[in-house]
Structure formats: C-alpha cells, structure tokens
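**Student:** Supplied in structure tokens, the structure appears directly below.
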Amino acid sequence: MDDKEVVELIDQIKRQMDFLLSDTSVPKNVKSAIKEARDHLNEQGDYVVRVSSAIYNIDSISNDINLPAQARTGVWNILSMLESIKTETTGSS
C-alpha cells in the first residue's frame, strides 16, 4: 500500500467517523473516543503510530453495551479499515 492509498483510506475512515459523530443515537463516551481517534489520525508523523493510537481508542468502545447496532457496525468497519492500514504498512498485525 503506497502513501496515496493510505491517505485515501484515512480520509474515508474520517468520513465514517464524522458520520458516527453526527448520529444522535451514539452515546457521548463513544463520540469522545471517536473524536480522540480522529485527532490521532490528524496528527503528523508515522502512519503506524497514528493508526495504532486510533485503533486503541476505537477498540476501547467497540463492544460498548450502550452502542446502537448500526453504530456498532460502523465502529467495527472503521476498526477493520484501520487494522488493514496497520497490516499493509508494517507487514504484520
């Protein structure tokens, strides 16, 4: 995966995050974790570090019992895309 593909995928992830942030059914604690993950993706520096930090935040809320089903699917999709970036850029999981 080259830098251009990584940037495009990160932009797609951020759009999905924005969608979840605008969903009124998503609890505040989940929105807070999503915002923090988005902030990590916006930082400068190595993709692996940025993506790993975002994965940590998203993973922490991926099984939140208060998360509506449609939002849970979105969170899992975001997590999957982040993991694919990490795997492709490091060659490991």
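Just so we're on the same page: first chain in the structure tokens is A, next is B, and so on; residues restart at 1 for each chain, and ligands are numbered from 1 in the order they show up.
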Taking the DSSP assignment computed from this structure's backbone, write out as an MDAnalysis selection string all residues of stretch 19-87 of chain A that belong to alpha helix (DSSP H).

**Tutor:** chainID A and resid 19:22 28:42 47:61 69:87

**Student:** Would you please work out which residue, of A:Val6, A:Val48, A:Met1, A:Met17, is nearest to A:Arg72 when using only C-alpha atoms?

**Tutor:**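 That would be A:Met17, the residue with the smallest distance to A:Arg72.
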
**Student:** Which polymer residues have any atom within 10 Å of an atom of A:Gln70, counting only C-alpha atoms, with same-chain residues fewer than 4 positions away left out, as a PyMOL selection string?

**Tutor:** chain A and resi 20+25-26+74-75

**Student:** Separation of atom CA of A:Ala54 and atom CA of A:Pro27, in Å?

**Tutor:**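 Between atom CA of A:Ala54 and atom CA of A:Pro27 the gap is 18.3 Å.
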
**Student:** Using only C-alpha atoms, which residues sit within 12 Å of A:Ile61 once same-chain residues fewer than 2 positions away are excluded, as a ChimeraX atom specification?

**Tutor:** /A:26-37,54-59,63-68,71-76,78-79

**Student:** Which value, in Å to one decimal, gives the distance between atom CA of A:Leu82 and atom CA of A:Lys14?

**Tutor:** 10.6 Å

**Student:** Considering only C-alpha atoms, can you say which of A:Ser60, A:Val51, A:Thr90, A:Arg38 comes closest to A:Gln16?

**Tutor:**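 Residue with the minimum atom-to-atom distance to A:Gln16: A:Arg38.
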
**Student:** A:Ala69, A:Ile85, A:Ser62, A:Asp18: which is nearest A:Lys4, counting only C-alpha atoms?

**Tutor:**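 Looking only at the distances to A:Lys4, the closest residue turns out to be A:Ile85.
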
**Student:** When you count only C-alpha atoms, which of these residues is closest to A:Ser80: A:Thr24, A:Glu5, A:Ile13, A:Glu43?

**Tutor:**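 Once distances to A:Ser80 are computed over only C-alpha atoms, the minimum belongs to A:Ile13.
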
**Student:** To one decimal place, how far is atom CA of A:Leu21 from atom CA of A:Glu8 in Å?

**Tutor:**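 A separation of 19.9 Å between them.
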